[in-house]
file target_8.tsv (TSV, C-alpha atoms)
chain	number	residue	atom	x	y	z
P	1	MET	CA	0.00	0.00	0.00
P	2	ALA	CA	1.50	3.26	-1.10
P	3	MET	CA	1.15	6.36	1.01
P	4	GLY	CA	2.54	9.72	0.17
P	5	LEU	CA	3.78	12.03	2.90
P	6	ALA	CA	4.48	15.62	2.20
P	7	SER	CA	6.73	17.43	4.56
P	8	SER	CA	8.06	20.91	4.53
P	9	SER	CA	10.09	22.84	7.00
P	10	ARG	CA	9.43	26.50	7.54
P	11	GLY	CA	11.18	28.35	10.26
P	12	GLY	CA	12.00	25.28	12.24
P	13	ALA	CA	8.39	24.17	12.57
P	14	ARG	CA	7.81	20.84	11.01
P	15	ARG	CA	4.40	19.94	9.56
P	16	SER	CA	3.38	16.77	7.85
P	17	ARG	CA	0.31	16.32	5.75
P	18	ARG	CA	-1.12	13.15	4.39
P	19	ALA	CA	-1.86	13.32	0.73
P	20	PRO	CA	-5.06	11.64	-0.45
P	21	MET	CA	-4.58	8.11	-1.67
P	22	ALA	CA	-4.87	8.07	-5.45
P	23	GLU	CA	-5.24	4.33	-6.03
P	24	ILE	CA	-7.88	1.80	-5.00
P	25	ASN	CA	-6.96	-1.66	-3.80
P	26	VAL	CA	-9.01	-4.04	-5.96
P	27	THR	CA	-7.61	-7.28	-4.53
P	28	PRO	CA	-10.54	-7.90	-2.12
P	29	PHE	CA	-13.00	-7.23	-4.96
P	30	VAL	CA	-11.26	-9.75	-7.22
P	31	ASP	CA	-11.19	-12.32	-4.41
P	32	VAL	CA	-14.93	-11.98	-3.83
P	33	MET	CA	-15.65	-12.23	-7.56
P	34	LEU	CA	-13.58	-15.41	-7.88
P	35	VAL	CA	-15.40	-17.01	-4.95
P	36	LEU	CA	-18.77	-16.12	-6.51
P	37	LEU	CA	-17.63	-17.54	-9.85
P	38	ILE	CA	-16.68	-20.83	-8.21
P	39	ILE	CA	-20.02	-20.99	-6.39
P	40	PHE	CA	-21.96	-20.44	-9.62
P	41	MET	CA	-19.84	-23.00	-11.48
P	42	VAL	CA	-20.59	-25.62	-8.82
P	43	THR	CA	-24.32	-24.90	-8.50
P	44	ALA	CA	-25.17	-24.39	-12.20
P	45	PRO	CA	-25.29	-28.11	-13.06
P	46	LEU	CA	-27.62	-28.65	-10.11
P	47	LEU	CA	-30.20	-26.28	-11.59
P	48	ALA	CA	-31.04	-28.75	-14.34
P	49	SER	CA	-33.70	-31.34	-13.77
P	50	GLY	CA	-32.48	-33.60	-11.00
P	51	VAL	CA	-34.04	-36.87	-12.20
P	52	PRO	CA	-31.36	-38.97	-13.92
P	53	ILE	CA	-32.88	-40.29	-17.14
P	54	GLU	CA	-31.27	-41.77	-20.22
P	55	LEU	CA	-33.26	-40.09	-22.98
P	56	PRO	CA	-33.94	-41.73	-26.33
P	57	GLU	CA	-32.34	-40.22	-29.42
P	58	SER	CA	-34.15	-38.18	-32.05
P	59	ARG	CA	-33.37	-35.77	-34.86
P	60	ALA	CA	-36.22	-33.44	-33.86
P	61	ASN	CA	-35.68	-29.70	-33.65
P	62	PRO	CA	-35.07	-28.39	-30.13
P	63	ILE	CA	-37.86	-26.58	-28.32
P	64	ASP	CA	-37.45	-23.45	-26.24
P	65	GLN	CA	-37.54	-23.86	-22.48
P	66	THR	CA	-39.81	-21.53	-20.58
P	67	PRO	CA	-39.91	-20.97	-16.85
P	68	GLU	CA	-43.66	-21.73	-16.78
P	69	GLN	CA	-43.23	-25.26	-18.09
P	70	ILE	CA	-43.86	-28.32	-15.94
P	71	THR	CA	-41.47	-31.23	-16.36
P	72	ILE	CA	-42.82	-34.75	-15.86
P	73	SER	CA	-40.12	-37.43	-15.76
P	74	VAL	CA	-40.43	-41.21	-15.78
P	75	ASP	CA	-37.20	-42.97	-14.78
P	76	GLY	CA	-36.02	-46.43	-15.82
P	77	ARG	CA	-37.96	-48.15	-13.01
P	78	GLY	CA	-41.20	-46.39	-14.01
P	79	VAL	CA	-41.25	-43.93	-11.09
P	80	ILE	CA	-42.96	-40.64	-12.01
P	81	TYR	CA	-41.61	-37.23	-10.97
P	82	ILE	CA	-43.30	-33.85	-11.32
P	83	ASP	CA	-40.42	-31.43	-11.68
P	84	ASP	CA	-38.10	-32.96	-9.03
P	85	ALA	CA	-40.79	-34.23	-6.64
P	86	ARG	CA	-41.41	-37.97	-6.63
P	87	VAL	CA	-45.03	-39.04	-7.07
P	88	GLU	CA	-46.12	-42.04	-5.05
P	89	PRO	CA	-47.52	-45.01	-7.00
P	90	GLY	CA	-51.20	-44.46	-7.80
P	91	ALA	CA	-51.14	-40.78	-6.78
P	92	PHE	CA	-50.38	-39.34	-10.23
P	93	PRO	CA	-53.99	-38.23	-11.02
P	94	GLN	CA	-54.24	-36.42	-7.68
P	95	ALA	CA	-50.84	-34.80	-8.24
P	96	LEU	CA	-51.98	-33.52	-11.64
P	97	GLU	CA	-55.00	-31.88	-9.99
P	98	GLN	CA	-52.62	-29.91	-7.75
P	99	ILE	CA	-50.75	-28.36	-10.70
P	100	ASP	CA	-51.32	-24.62	-10.83
P	101	ARG	CA	-53.51	-23.76	-13.82
P	102	ARG	CA	-53.26	-20.34	-15.39
P	103	GLY	CA	-56.21	-18.05	-14.84
P	104	ASP	CA	-56.41	-17.03	-18.51
P	105	GLY	CA	-57.72	-20.42	-19.64
P	106	GLN	CA	-54.42	-21.57	-21.16
P	107	GLN	CA	-52.83	-24.79	-20.00
P	108	PRO	CA	-49.20	-24.76	-18.84
P	109	LEU	CA	-46.68	-26.42	-21.16
P	110	ILE	CA	-46.01	-30.01	-20.10
P	111	VAL	CA	-42.58	-31.47	-20.92
P	112	LEU	CA	-42.44	-35.27	-20.71
P	113	ARG	CA	-39.06	-36.99	-20.19
P	114	GLY	CA	-39.12	-40.76	-20.39
P	115	ASP	CA	-36.20	-43.14	-19.96
P	116	ARG	CA	-35.25	-45.06	-23.11
P	117	SER	CA	-35.48	-48.40	-21.28
P	118	LEU	CA	-39.21	-47.95	-20.58
P	119	ASP	CA	-41.76	-49.78	-22.63
P	120	TYR	CA	-44.05	-47.77	-24.86
P	121	GLY	CA	-47.09	-48.65	-22.77
P	122	ARG	CA	-45.76	-46.98	-19.62
P	123	VAL	CA	-45.08	-43.69	-21.40
P	124	MET	CA	-48.51	-43.87	-23.08
P	125	ALA	CA	-50.18	-44.47	-19.70
P	126	VAL	CA	-48.57	-41.27	-18.36
P	127	MET	CA	-49.62	-39.36	-21.49
P	128	GLY	CA	-53.15	-40.74	-21.14
P	129	GLU	CA	-53.39	-39.47	-17.57
P	130	LEU	CA	-52.10	-36.07	-18.68
P	131	ASN	CA	-54.75	-35.94	-21.40
P	132	ARG	CA	-57.46	-37.07	-19.01
P	133	ALA	CA	-56.44	-34.28	-16.60
P	134	GLY	CA	-56.93	-31.74	-19.40
P	135	PHE	CA	-53.34	-31.17	-20.50
P	136	SER	CA	-53.34	-31.27	-24.28
P	137	SER	CA	-50.01	-29.57	-25.03
P	138	ILE	CA	-47.31	-32.14	-24.22
P	139	SER	CA	-43.73	-31.98	-25.51
P	140	LEU	CA	-41.59	-35.12	-25.53
P	141	VAL	CA	-37.91	-34.62	-24.67
P	142	THR	CA	-35.16	-36.59	-26.42
P	143	SER	CA	-31.42	-36.29	-26.75
P	144	GLY	CA	-29.95	-35.23	-30.08
P	145	SER	CA	-28.96	-37.76	-32.72
P	146	VAL	CA	-26.98	-37.38	-35.89
P	147	THR	CA	-28.07	-40.52	-37.73
P	148	PRO	CA	-31.55	-41.06	-39.16
P	149	PRO	CA	-33.43	-44.14	-38.02

call {"tool": "encode", "arguments": {"input": "target_8.tsv", "output": "structure tokens"}}
result
Amino acid sequence: MAMGLASSSRGGARRSRRAPMAEINVTPFVDVMLVLLIIFMVTAPLLASGVPIELPESRANPIDQTPEQITISVDGRGVIYIDDARVEPGAFPQALEQIDRRGDGQQPLIVLRGDRSLDYGRVMAVMGELNRAGFSSISLVTSGSVTPP
């Protein structure tokens, strides 16, 4: 830390004045910013959907994600999750009734993620319940593929 001292001697009397500091120490600011960067780098992967699912491949165009969407996941064992909350067996219709509906008459966007090891019937049963509950706009999520089927 640099500090300038100005001194002058007049008639034997000695006075010292402190000059204003002309530079700012940015080291604490950089330290805080690096800590915040590390925190965001660690927590960013956790913000994605927390249900581990191996998605099937498709060459479909990607859809935009919106914050108002509701993600329904079915893992490899057939367990259903709404966002990250596990739904108990047989309680899926009641859980769908609890989903917040918009007041303007529009249904929220439903995004369905199904594990590739599931049979077609299990995914269709989930889609049937969604349709029965009044959700008609359902997007199926897949991972990208480069080869056509």

call {"tool": "closest_residue", "arguments": {"input": "target_8.tsv", "among": "P:Met33, P:Ala91, P:Leu109, P:Val79", "to": "Ile53 of chain P", "atoms": "all atoms listed in the file"}}
result
P:Val79

call {"tool": "residues_around", "arguments": {"input": "target_8.tsv", "residues": "segment 127-136 of chain P", "least_positions_apart": "3", "cutoff": "10 Å", "atoms": "all atoms listed in the file", "output": "number ranges by chain"}}
result
P: 72, 92-94, 96-97, 101, 106-110, 112, 121-124, 139-140

call {"tool": "atom_distance", "arguments": {"input": "target_8.tsv", "atom1": "atom CA of Val126 of chain P", "atom2": "atom CA of Glu88 of chain P"}}
result
13.6 Å

call {"tool": "closest_residue", "arguments": {"input": "target_8.tsv", "among": "P:Pro89, P:Gly114, P:Phe40, P:Arg59", "to": "Gly76 of chain P", "atoms": "only C-alpha atoms"}}
result
P:Gly114

call {"tool": "closest_residue", "arguments": {"input": "target_8.tsv", "among": "P:Leu34, P:Ile39, P:Ile70, P:Met21", "to": "Asp100 of chain P", "atoms": "all atoms listed in the file"}}
result
P:Ile70

call {"tool": "atom_distance", "arguments": {"input": "target_8.tsv", "atom1": "atom CA of Leu37 of chain P", "atom2": "atom CA of Gln69 of chain P"}}
result
28.0 Å
